[in-house]
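Q: Starting off with a structure, shown below.
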Amino acid sequence: MNPARIHDGFPAPSYRGAQEQALDDIRAAFERGKDVVLVRAPTGSGKSLLARAIAGCARRAGDAEAHEPIGAYYTTPQVSQLDDVAADELLEDLNVIRGKNNYSCILPGETDTPVDQAPCARERMFDCQVKHRCPYFSDRSIASNRNIAAMTLAYFMQTAGSDVFGKRDVVVVDEAHGLSEWAEMYATIDLSPGRVPVWDDIQPPNIGGDLDAAADYADRVMTVCSRRQEELRGNAELTPDEVAERDRLTELISELQWFLEDYRDTESGTTWVVDQPDGEGSAVTVKPMAPERYLKHTVWDRGNKFALLSATILNKDAFCAGAGLSPDRVALVEVPHTFPVENRPLYDVTQGKMTYEDRDETLPAIARTLVRLMQTHPDEKGIVHCHSYGIQERLADQLADLGVESRVRSHDRENRDAVLSTWKRSDGNEVFLSVKMEEALDLEGDLARWQLLCKAPYPNTRDSRVARRLEEGQWGWYYRAALRTVIQACGRVIRAPDDYGATYLGDSSLLDLFERARTDMPDWFAAQVDRMTEPDLPTFDPAAAVGDDAGGSSRSRSRSRRRSSAGDDSHPLSDVWES
């Protein structure tokens with residue numbers, strides 16, 4: 001790696017905000033001999049541009065000995081983030097590769113078939129005459145032979161140990177704050193009817209939380225899976241369903257081998273937990289905690305130098321502990337926030353706790369408050385972070401009972417992306433009830449001017465990993481996890497220095513969270529919390545919340561309404577409009 005090239009690798013014609021200083025600080029950290037640089041860069045810092053500059057420092061072929069790795073990887077856990085990179089003209093030399101199921105076969109009669117179910121996957125010894133033009137293999141060949149290969153974190157981890165995507169000089173991970181949690185998720189083994197093709201042949205006994213029993217069951221599952229895998233491999237041609245079954249068996253056998261080898265390795269630092277809440281014959285989930293060995297194989301062995309970028313790497317030592325890094329190898333570079341704090345206000349409209357025990361009382365009050373927020377923003381789109389589908393469904397019912405359903409849109413697990421896309425394209429004033437959209441969602445400008453956080457996003461204490469950590473007293477981790485999600489959510493509605501958007505807090509547990517996690521807050525977010533006020537909302541009036549033309553207001557009229565309201569000091573965004 002040559003950190004001196006970092007400014008040469010910056011792809012934009014000029015710097016904005018704190019980008020130039022950030023690159024200087026990153027360069028200095030690598031020149032001090034650090035192997036890993038954490039870059040805490042808030043929304044709007046241009047993290048992808050910083051990532052490209054860092055990747056440009058990777059050793060090149062002309063500088064390397066034959067045995068030395070060259071080039072760089074860019075990876076992110078967020079598919080939408082990779083889509084943004086692929087569409088950015090400034091990042092055209094980040095050569096994107098995706099999984100096979102994202103590409104279609106080009107053979108006659110197969111153009112609607114994804115590559116992972118094409119004839120090359122279905123027929124043994126199939127000789128594809130157009131493989132050189134296959135969109136998947138073409139993209140893979142280009143990415144593997146160019147200086148910077150870009151892919152999702154899932155694809156990156158799955159290709160560990162492959163000949164095509166071997167070790168490179170530099171690895172850049174964008175949105176890296178949840179790296180250890182992503183690794184835990186990828187390493188989790190789900191043994192359930194929908195995930196085990198041979199389920200009917202080997203249903204589990206009552207395992208409960210017994211890891212030895214889980215290992216014995218995993219052994220038996222692997223034996224039956226291997227037998228079925230060999231049967232499928234013996235067929236000259238497979239149906240698409242059989243291809244999917246074969247590939248899932250291969251994946252499952254690999255997962256089970258990893259678990260068994262790690263679990264029986266007395267020197268492994270991985271702690272495993274097992275869940276089977278419904279007893280005999282029901283699904284079993286085997287989960288690793290702090291999977292350092294898994295990360296070593298899939299991430300840390302893949303490069304010489306690493307840059308990890310995120311707005312919410314809150315605590316360096318805690319991050320290093322979770323990711324299996326030695327803190328003395330790691331530097332933290334802090335990038336200041338360049339968005340005016342008055343453009344990103346927080347408002348306290350809390351109505352009580354949204355814990356399971358208190359939700360019946362609090363949720364109706366939040367629904368009424370949401371109606372008043374709709375009155376406050378009559379011509380502006382807003383988003384509600386519901387935290388769970390249970391809360392979303394109940395909130396939608398409450399709003400329907402209050403007569404404002406015509407201005408409300410929601411989604412389910414199957415149609416979330418389609419409904420989100422439709423809502424973003426709309427020019428009206430609809431309020432979107434979302435679930436798990438606190439990250440990787442860009443609602444710049446009139447796409448959304450306000451949002452409501454319904455519930456403090458604490459990890460689920462019924463999850464065995466969470467419960468185990470809390471039994472061990474890891475409350476700092478618990479509060480940081482929730483704070484990280486809140487900070488990510490607050491960045492959804494303000495995406496540029498001249499953008500503005502209000503965030504309203506509905507769950508009083510959020511206020512408690514801010515107190516408990518204060519020492520881990522970035523300074524720029526602490527400034528938002530310190531400015532938080534209680535807004536003067538209008539008197540509850542559902543008819544005013546909907547209006548005569550609900551969902552049909554134009555953007556031009558919305559902008560006009562905002563200007564005419566600017567002189568009203570009682571409005572929650574009056575300080576923004578007057579700035």
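Letters A, B, ... go to the chains of the structure tokens in the order shown; residues in each chain start at 1; ligands are counted from 1 in the same order.
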Run DSSP on the backbone and give me the residues of region 18-224 of chain A it puts in strand (DSSP E or B), as a tab-separated table (two decimals) with all heavy atoms, in the first residue's frame.

A:
chain	number	residue	atom	x	y	z
A	36	VAL	N	-5.34	-1.25	10.27
A	36	VAL	CA	-6.77	-1.01	10.12
A	36	VAL	C	-7.06	0.43	10.52
A	36	VAL	O	-6.63	0.88	11.59
A	36	VAL	CB	-7.61	-1.97	11.00
A	36	VAL	CG1	-9.10	-1.73	10.80
A	36	VAL	CG2	-7.25	-3.42	10.71
A	37	VAL	N	-7.80	1.14	9.67
A	37	VAL	CA	-8.21	2.50	10.00
A	37	VAL	C	-9.74	2.54	10.02
A	37	VAL	O	-10.39	2.22	9.02
A	37	VAL	CB	-7.66	3.53	9.00
A	37	VAL	CG1	-8.18	4.93	9.33
A	37	VAL	CG2	-6.14	3.53	9.02
A	38	LEU	N	-10.30	2.88	11.17
A	38	LEU	CA	-11.74	3.10	11.29
A	38	LEU	C	-12.01	4.55	10.95
A	38	LEU	O	-11.41	5.46	11.53
A	38	LEU	CB	-12.21	2.80	12.71
A	38	LEU	CG	-11.77	1.46	13.34
A	38	LEU	CD1	-12.34	1.34	14.76
A	38	LEU	CD2	-12.19	0.29	12.48
A	39	VAL	N	-12.92	4.78	10.03
A	39	VAL	CA	-13.25	6.14	9.60
A	39	VAL	C	-14.69	6.42	10.02
A	39	VAL	O	-15.64	5.89	9.43
A	39	VAL	CB	-13.09	6.31	8.08
A	39	VAL	CG1	-13.37	7.76	7.68
A	39	VAL	CG2	-11.69	5.90	7.64
A	40	ARG	N	-14.85	7.22	11.08
A	40	ARG	CA	-16.19	7.57	11.56
A	40	ARG	C	-16.63	8.82	10.82
A	40	ARG	O	-16.26	9.94	11.18
A	40	ARG	CB	-16.19	7.78	13.07
A	40	ARG	CG	-17.59	7.99	13.62
A	40	ARG	CD	-17.70	7.65	15.09
A	40	ARG	NE	-16.96	8.56	15.93
A	40	ARG	CZ	-16.75	8.38	17.23
A	40	ARG	NH1	-17.21	7.29	17.81
A	40	ARG	NH2	-16.08	9.25	17.94
A	72	ALA	N	-7.52	-3.92	-4.80
A	72	ALA	CA	-8.35	-3.63	-3.64
A	72	ALA	C	-9.74	-4.23	-3.80
A	72	ALA	O	-10.21	-4.46	-4.92
A	72	ALA	CB	-8.46	-2.12	-3.43
A	73	TYR	N	-10.37	-4.47	-2.67
A	73	TYR	CA	-11.78	-4.82	-2.62
A	73	TYR	C	-12.55	-3.65	-2.01
A	73	TYR	O	-12.09	-3.02	-1.05
A	73	TYR	CB	-12.03	-6.04	-1.73
A	73	TYR	CG	-11.59	-7.36	-2.30
A	73	TYR	CD1	-10.57	-8.09	-1.69
A	73	TYR	CD2	-12.21	-7.89	-3.43
A	73	TYR	CE1	-10.17	-9.31	-2.20
A	73	TYR	CE2	-11.81	-9.13	-3.94
A	73	TYR	CZ	-10.78	-9.82	-3.32
A	73	TYR	OH	-10.38	-11.03	-3.83
A	74	TYR	N	-13.73	-3.39	-2.56
A	74	TYR	CA	-14.70	-2.51	-1.91
A	74	TYR	C	-15.92	-3.38	-1.61
A	74	TYR	O	-16.45	-4.06	-2.51
A	74	TYR	CB	-15.11	-1.34	-2.81
A	74	TYR	CG	-16.31	-0.58	-2.27
A	74	TYR	CD1	-16.15	0.49	-1.39
A	74	TYR	CD2	-17.61	-0.96	-2.64
A	74	TYR	CE1	-17.25	1.16	-0.88
A	74	TYR	CE2	-18.71	-0.28	-2.12
A	74	TYR	CZ	-18.52	0.77	-1.25
A	74	TYR	OH	-19.63	1.44	-0.74
A	75	THR	N	-16.36	-3.39	-0.37
A	75	THR	CA	-17.50	-4.21	-0.02
A	75	THR	C	-18.38	-3.48	0.99
A	75	THR	O	-17.92	-2.65	1.77
A	75	THR	CB	-17.05	-5.58	0.53
A	75	THR	OG1	-18.19	-6.38	0.82
A	75	THR	CG2	-16.21	-5.43	1.79
A	76	THR	N	-19.67	-3.79	0.95
A	76	THR	CA	-20.65	-3.19	1.86
A	76	THR	C	-21.75	-4.21	2.13
A	76	THR	O	-22.11	-4.99	1.22
A	76	THR	CB	-21.27	-1.92	1.26
A	76	THR	OG1	-22.33	-1.45	2.12
A	76	THR	CG2	-21.82	-2.15	-0.13
A	95	ASN	N	-15.44	-2.08	-10.12
A	95	ASN	CA	-16.07	-3.09	-10.98
A	95	ASN	C	-16.93	-4.02	-10.14
A	95	ASN	O	-16.42	-4.81	-9.33
A	95	ASN	CB	-14.98	-3.86	-11.72
A	95	ASN	CG	-14.20	-2.97	-12.66
A	95	ASN	OD1	-14.62	-2.73	-13.78
A	95	ASN	ND2	-13.06	-2.46	-12.19
A	96	VAL	N	-18.24	-3.90	-10.33
A	96	VAL	CA	-19.21	-4.57	-9.46
A	96	VAL	C	-19.47	-5.99	-9.92
A	96	VAL	O	-19.67	-6.27	-11.11
A	96	VAL	CB	-20.53	-3.77	-9.43
A	96	VAL	CG1	-21.59	-4.53	-8.65
A	96	VAL	CG2	-20.30	-2.39	-8.83
A	104	SER	N	-29.26	-12.99	-15.67
A	104	SER	CA	-30.08	-13.88	-16.48
A	104	SER	C	-29.25	-14.56	-17.55
A	104	SER	O	-28.32	-13.96	-18.12
A	104	SER	CB	-31.23	-13.11	-17.15
A	104	SER	OG	-32.12	-12.58	-16.19
A	114	PRO	N	-32.50	-17.30	-14.18
A	114	PRO	CA	-31.29	-16.79	-13.52
A	114	PRO	C	-30.12	-17.73	-13.73
A	114	PRO	O	-30.31	-18.94	-13.89
A	114	PRO	CB	-31.71	-16.70	-12.04
A	114	PRO	CG	-32.87	-17.61	-11.90
A	114	PRO	CD	-33.57	-17.62	-13.22
A	123	GLU	N	-27.36	-29.16	-15.96
A	123	GLU	CA	-26.92	-30.33	-16.72
A	123	GLU	C	-25.46	-30.65	-16.43
A	123	GLU	O	-24.60	-29.77	-16.51
A	123	GLU	CB	-27.11	-30.09	-18.22
A	123	GLU	CG	-28.56	-29.81	-18.61
A	123	GLU	CD	-28.71	-29.50	-20.09
A	123	GLU	OE1	-27.86	-29.97	-20.87
A	123	GLU	OE2	-29.67	-28.79	-20.45
A	148	ILE	N	-9.92	-2.65	-8.68
A	148	ILE	CA	-10.88	-2.56	-7.58
A	148	ILE	C	-12.11	-3.40	-7.91
A	148	ILE	O	-12.82	-3.13	-8.89
A	148	ILE	CB	-11.32	-1.10	-7.32
A	148	ILE	CG1	-10.10	-0.19	-7.13
A	148	ILE	CG2	-12.22	-1.03	-6.08
A	148	ILE	CD1	-10.46	1.29	-7.01
A	149	ALA	N	-12.37	-4.41	-7.12
A	149	ALA	CA	-13.56	-5.24	-7.26
A	149	ALA	C	-14.55	-4.85	-6.17
A	149	ALA	O	-14.18	-4.74	-4.99
A	149	ALA	CB	-13.20	-6.72	-7.14
A	150	ALA	N	-15.80	-4.63	-6.57
A	150	ALA	CA	-16.84	-4.18	-5.62
A	150	ALA	C	-17.92	-5.25	-5.52
A	150	ALA	O	-18.38	-5.79	-6.53
A	150	ALA	CB	-17.43	-2.86	-6.08
A	151	MET	N	-18.36	-5.55	-4.29
A	151	MET	CA	-19.33	-6.61	-4.06
A	151	MET	C	-19.99	-6.42	-2.70
A	151	MET	O	-19.50	-5.66	-1.87
A	151	MET	CB	-18.65	-7.97	-4.12
A	151	MET	CG	-17.52	-8.14	-3.10
A	151	MET	SD	-16.45	-9.57	-3.44
A	151	MET	CE	-15.55	-9.01	-4.90
A	152	THR	N	-21.10	-7.11	-2.48
A	152	THR	CA	-21.71	-7.09	-1.15
A	152	THR	C	-20.84	-7.86	-0.18
A	152	THR	O	-20.04	-8.72	-0.56
A	152	THR	CB	-23.11	-7.71	-1.16
A	152	THR	OG1	-23.00	-9.09	-1.50
A	152	THR	CG2	-24.03	-7.00	-2.13
A	168	ARG	N	-6.09	-9.56	-1.51
A	168	ARG	CA	-5.69	-8.31	-2.16
A	168	ARG	C	-4.95	-7.44	-1.15
A	168	ARG	O	-4.93	-7.72	0.05
A	168	ARG	CB	-6.89	-7.59	-2.75
A	168	ARG	CG	-7.53	-8.36	-3.90
A	168	ARG	CD	-8.34	-7.49	-4.82
A	168	ARG	NE	-8.78	-8.22	-6.01
A	168	ARG	CZ	-9.30	-7.65	-7.09
A	168	ARG	NH1	-9.45	-6.33	-7.14
A	168	ARG	NH2	-9.68	-8.37	-8.13
A	169	ASP	N	-4.38	-6.36	-1.66
A	169	ASP	CA	-3.56	-5.51	-0.79
A	169	ASP	C	-4.41	-4.70	0.17
A	169	ASP	O	-4.06	-4.53	1.34
A	169	ASP	CB	-2.71	-4.58	-1.66
A	169	ASP	CG	-1.68	-3.81	-0.85
A	169	ASP	OD1	-1.12	-4.39	0.10
A	169	ASP	OD2	-1.44	-2.63	-1.15
A	170	VAL	N	-5.54	-4.17	-0.31
A	170	VAL	CA	-6.38	-3.28	0.49
A	170	VAL	C	-7.82	-3.76	0.45
A	170	VAL	O	-8.32	-4.15	-0.62
A	170	VAL	CB	-6.29	-1.82	-0.03
A	170	VAL	CG1	-7.29	-0.92	0.70
A	170	VAL	CG2	-4.87	-1.29	0.12
A	171	VAL	N	-8.48	-3.73	1.60
A	171	VAL	CA	-9.91	-4.03	1.68
A	171	VAL	C	-10.61	-2.84	2.33
A	171	VAL	O	-10.22	-2.40	3.42
A	171	VAL	CB	-10.20	-5.30	2.51
A	171	VAL	CG1	-11.70	-5.53	2.64
A	171	VAL	CG2	-9.52	-6.51	1.87
A	172	VAL	N	-11.62	-2.31	1.65
A	172	VAL	CA	-12.40	-1.19	2.18
A	172	VAL	C	-13.82	-1.69	2.44
A	172	VAL	O	-14.48	-2.21	1.53
A	172	VAL	CB	-12.44	-0.01	1.20
A	172	VAL	CG1	-13.23	1.15	1.80
A	172	VAL	CG2	-11.02	0.44	0.84
A	173	VAL	N	-14.28	-1.56	3.67
A	173	VAL	CA	-15.64	-1.98	4.04
A	173	VAL	C	-16.45	-0.74	4.37
A	173	VAL	O	-16.13	-0.02	5.32
A	173	VAL	CB	-15.63	-2.95	5.24
A	173	VAL	CG1	-17.04	-3.45	5.51
A	173	VAL	CG2	-14.69	-4.12	5.00
A	174	ASP	N	-17.46	-0.46	3.58
A	174	ASP	CA	-18.36	0.67	3.82
A	174	ASP	C	-19.53	0.20	4.69
A	174	ASP	O	-19.92	-0.97	4.64
A	174	ASP	CB	-18.87	1.21	2.49
A	174	ASP	CG	-19.29	2.67	2.57
A	174	ASP	OD1	-19.36	3.22	3.69
A	174	ASP	OD2	-19.55	3.27	1.51
A	189	ILE	N	-26.66	-20.96	11.77
A	189	ILE	CA	-27.17	-22.14	11.06
A	189	ILE	C	-28.65	-22.31	11.42
A	189	ILE	O	-28.99	-22.51	12.59
A	189	ILE	CB	-26.37	-23.39	11.44
A	189	ILE	CG1	-24.88	-23.17	11.12
A	189	ILE	CG2	-26.90	-24.61	10.71
A	189	ILE	CD1	-23.98	-24.22	11.71
A	190	ASP	N	-29.47	-22.23	10.41
A	190	ASP	CA	-30.92	-22.33	10.59
A	190	ASP	C	-31.36	-23.72	10.13
A	190	ASP	O	-31.36	-24.02	8.93
A	190	ASP	CB	-31.62	-21.24	9.77
A	190	ASP	CG	-33.12	-21.30	9.88
A	190	ASP	OD1	-33.64	-22.04	10.74
A	190	ASP	OD2	-33.80	-20.61	9.08
A	191	LEU	N	-31.73	-24.55	11.07
A	191	LEU	CA	-32.21	-25.90	10.76
A	191	LEU	C	-33.72	-25.92	10.95
A	191	LEU	O	-34.24	-26.10	12.06
A	191	LEU	CB	-31.53	-26.92	11.68
A	191	LEU	CG	-29.98	-26.95	11.61
A	191	LEU	CD1	-29.41	-27.91	12.64
A	191	LEU	CD2	-29.52	-27.31	10.21

Q: Hey, which bits of region 414-472 of chain A sit within 8 Å of region 479-500 of chain A, and for each residue what's the closest pair of atoms and how far apart in Å (one decimal), counting only C-alpha atoms, rows by chain and increasing number, as JSON lines?

A:
{"residue": "A:Met437", "atom": "CA", "partner": "A:Ala489", "partner_atom": "CA", "distance": 7.7}
{"residue": "A:Glu438", "atom": "CA", "partner": "A:Ala489", "partner_atom": "CA", "distance": 4.2}
{"residue": "A:Glu439", "atom": "CA", "partner": "A:Gln488", "partner_atom": "CA", "distance": 5.6}
{"residue": "A:Ala440", "atom": "CA", "partner": "A:Arg492", "partner_atom": "CA", "distance": 7.9}
{"residue": "A:Leu441", "atom": "CA", "partner": "A:Arg492", "partner_atom": "CA", "distance": 5.9}
{"residue": "A:Asp442", "atom": "CA", "partner": "A:Arg492", "partner_atom": "CA", "distance": 5.7}
{"residue": "A:Leu443", "atom": "CA", "partner": "A:Val493", "partner_atom": "CA", "distance": 5.1}
{"residue": "A:Glu444", "atom": "CA", "partner": "A:Arg495", "partner_atom": "CA", "distance": 5.2}
{"residue": "A:Gly445", "atom": "CA", "partner": "A:Asp499", "partner_atom": "CA", "distance": 5.9}
{"residue": "A:Leu447", "atom": "CA", "partner": "A:Val493", "partner_atom": "CA", "distance": 8.0}
{"residue": "A:Ala448", "atom": "CA", "partner": "A:Val493", "partner_atom": "CA", "distance": 5.8}
{"residue": "A:Arg449", "atom": "CA", "partner": "A:Val493", "partner_atom": "CA", "distance": 6.1}
{"residue": "A:Trp450", "atom": "CA", "partner": "A:Val493", "partner_atom": "CA", "distance": 6.6}
{"residue": "A:Gln451", "atom": "CA", "partner": "A:Val493", "partner_atom": "CA", "distance": 7.4}
{"residue": "A:Ala456", "atom": "CA", "partner": "A:Ala482", "partner_atom": "CA", "distance": 6.8}
{"residue": "A:Pro457", "atom": "CA", "partner": "A:Ala482", "partner_atom": "CA", "distance": 5.1}
{"residue": "A:Tyr458", "atom": "CA", "partner": "A:Ala482", "partner_atom": "CA", "distance": 4.7}
{"residue": "A:Pro459", "atom": "CA", "partner": "A:Ala482", "partner_atom": "CA", "distance": 6.9}

Q: Find the spatial neighbours of region 77-81 of chain A, counting only C-alpha atoms, within a cut-off of 6 Å - ignore same-chain residues fewer than 2 positions away - and output them as number ranges by chain.

A: A: 83-84, 152-153

Q: For all heavy atoms, I'd like the residues from the last selection saved as a PDB file, in the first residue's frame.

A:
ATOM      1  N   ASP A  83     -25.733  -0.658  -5.155  1.00  0.00           N
ATOM      2  CA  ASP A  83     -26.460  -0.102  -6.299  1.00  0.00           C
ATOM      3  C   ASP A  83     -26.065   1.352  -6.538  1.00  0.00           C
ATOM      4  O   ASP A  83     -25.884   1.781  -7.680  1.00  0.00           O
ATOM      5  CB  ASP A  83     -27.973  -0.186  -6.060  1.00  0.00           C
ATOM      6  CG  ASP A  83     -28.490  -1.610  -6.044  1.00  0.00           C
ATOM      7  OD1 ASP A  83     -27.793  -2.501  -6.571  1.00  0.00           O
ATOM      8  OD2 ASP A  83     -29.585  -1.833  -5.507  1.00  0.00           O
ATOM      9  N   ASP A  84     -25.942   2.114  -5.450  1.00  0.00           N
ATOM     10  CA  ASP A  84     -25.545   3.525  -5.580  1.00  0.00           C
ATOM     11  C   ASP A  84     -24.144   3.646  -6.164  1.00  0.00           C
ATOM     12  O   ASP A  84     -23.872   4.511  -7.001  1.00  0.00           O
ATOM     13  CB  ASP A  84     -25.602   4.218  -4.217  1.00  0.00           C
ATOM     14  CG  ASP A  84     -27.019   4.386  -3.697  1.00  0.00           C
ATOM     15  OD1 ASP A  84     -27.963   4.262  -4.499  1.00  0.00           O
ATOM     16  OD2 ASP A  84     -27.182   4.604  -2.479  1.00  0.00           O
ATOM     17  N   THR A 152     -21.101  -7.112  -2.477  1.00  0.00           N
ATOM     18  CA  THR A 152     -21.708  -7.088  -1.154  1.00  0.00           C
ATOM     19  C   THR A 152     -20.840  -7.864  -0.175  1.00  0.00           C
ATOM     20  O   THR A 152     -20.041  -8.722  -0.563  1.00  0.00           O
ATOM     21  CB  THR A 152     -23.110  -7.709  -1.156  1.00  0.00           C
ATOM     22  OG1 THR A 152     -23.002  -9.093  -1.502  1.00  0.00           O
ATOM     23  CG2 THR A 152     -24.034  -6.996  -2.127  1.00  0.00           C
ATOM     24  N   LEU A 153     -21.023  -7.581   1.098  1.00  0.00           N
ATOM     25  CA  LEU A 153     -20.269  -8.293   2.122  1.00  0.00           C
ATOM     26  C   LEU A 153     -20.604  -9.778   2.111  1.00  0.00           C
ATOM     27  O   LEU A 153     -19.731 -10.625   2.349  1.00  0.00           O
ATOM     28  CB  LEU A 153     -20.554  -7.686   3.492  1.00  0.00           C
ATOM     29  CG  LEU A 153     -19.729  -8.219   4.658  1.00  0.00           C
ATOM     30  CD1 LEU A 153     -18.249  -7.933   4.461  1.00  0.00           C
ATOM     31  CD2 LEU A 153     -20.209  -7.601   5.979  1.00  0.00           C
TER      32      LEU A 153
END

Q: Can you tell me which residues surround region 467-469 of chain A at a distance of at most 9 Å, considering only C-alpha atoms, apart from same-chain residues fewer than 5 positions away, and format the answer as a PDB file with C-alpha atoms, in the first residue's frame?

A:
ATOM      1  CA  VAL A 273     -25.591 -20.926  21.613  1.00  0.00           C
ATOM      2  CA  MET A 289     -21.176 -15.160  19.532  1.00  0.00           C
ATOM      3  CA  ASN A 460     -34.446  -8.516  21.255  1.00  0.00           C
ATOM      4  CA  THR A 461     -33.750  -9.948  24.723  1.00  0.00           C
ATOM      5  CA  ARG A 462     -35.463 -13.194  23.703  1.00  0.00           C
ATOM      6  CA  GLN A 474     -22.534  -6.509  28.500  1.00  0.00           C
ATOM      7  CA  TRP A 475     -24.974  -3.646  28.966  1.00  0.00           C
ATOM      8  CA  TRP A 477     -22.981  -3.287  24.053  1.00  0.00           C
ATOM      9  CA  TYR A 478     -26.783  -3.332  24.462  1.00  0.00           C
TER      10      TYR A 478
END

Q: With only C-alpha atoms as the counted atoms, please give the residues lying no more than 6 Å from region 503-513 of chain A, apart from itself and same-chain residues fewer than 2 positions off, as a PyMOL selection string.

A: chain A and resi 346-354+450-456+515-517

Q: Using DSSP assignments from the backbone, pull out every residue in region 284-480 of chain A that falls under alpha helix (DSSP H) and give it to me as JSON, numbers by chain.

A: {"A": [292, 293, 294, 295, 296, 297, 298, 316, 317, 318, 319, 320, 321, 322, 323, 359, 360, 361, 362, 363, 364, 365, 366, 367, 368, 369, 370, 371, 372, 373, 374, 375, 376, 389, 390, 391, 392, 393, 394, 395, 396, 397, 398, 399, 400, 401, 416, 417, 418, 419, 420, 421, 422, 423, 424, 425, 464, 465, 466, 467, 468, 469, 470, 471, 475, 476, 477, 478, 479, 480]}

Q: Can you check which parts of region 231-336 of chain A lie within 10 Å of region 47-61 of chain A? Per residue, the shortest pair of atoms and distance in Å to one decimal, counting only C-alpha atoms, sorted by chain and number, as a tab-separated table.

A:
residue	atom	partner	partner_atom	distance
A:Asn304	CA	A:Ala58	CA	9.5
A:Lys305	CA	A:Ala58	CA	8.7
A:Phe306	CA	A:Ile54	CA	9.2
A:Ala307	CA	A:Ile54	CA	7.5
A:Leu308	CA	A:Ala51	CA	8.8
A:Leu309	CA	A:Lys47	CA	6.9
A:Ser310	CA	A:Lys47	CA	7.8
A:Ala311	CA	A:Lys47	CA	9.2

Q: From the options A:Gln392, A:Thr539, A:Asn147, A:Ser268, which residue's atoms come nearest to Arg368 (chain A), counting only C-alpha atoms?

A: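 For Arg368 (chain A), the nearest of the given residues is A:Thr539.
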
Q: Pull the closest atom pair for each residue of region 106-214 of chain A that gets at most 8 Å from region 218-231 of chain A, along with the distance in Å to one decimal, counting only C-alpha atoms, ordering rows by chain and then ascending residue number, as CSV.

A:
residue,atom,partner,partner_atom,distance
A:Pro197,CA,A:Cys225,CA,7.9
A:Val198,CA,A:Cys225,CA,6.7
A:Asp201,CA,A:Val224,CA,7.9
A:Ile202,CA,A:Val221,CA,6.7
A:Ala214,CA,A:Ala218,CA,6.1
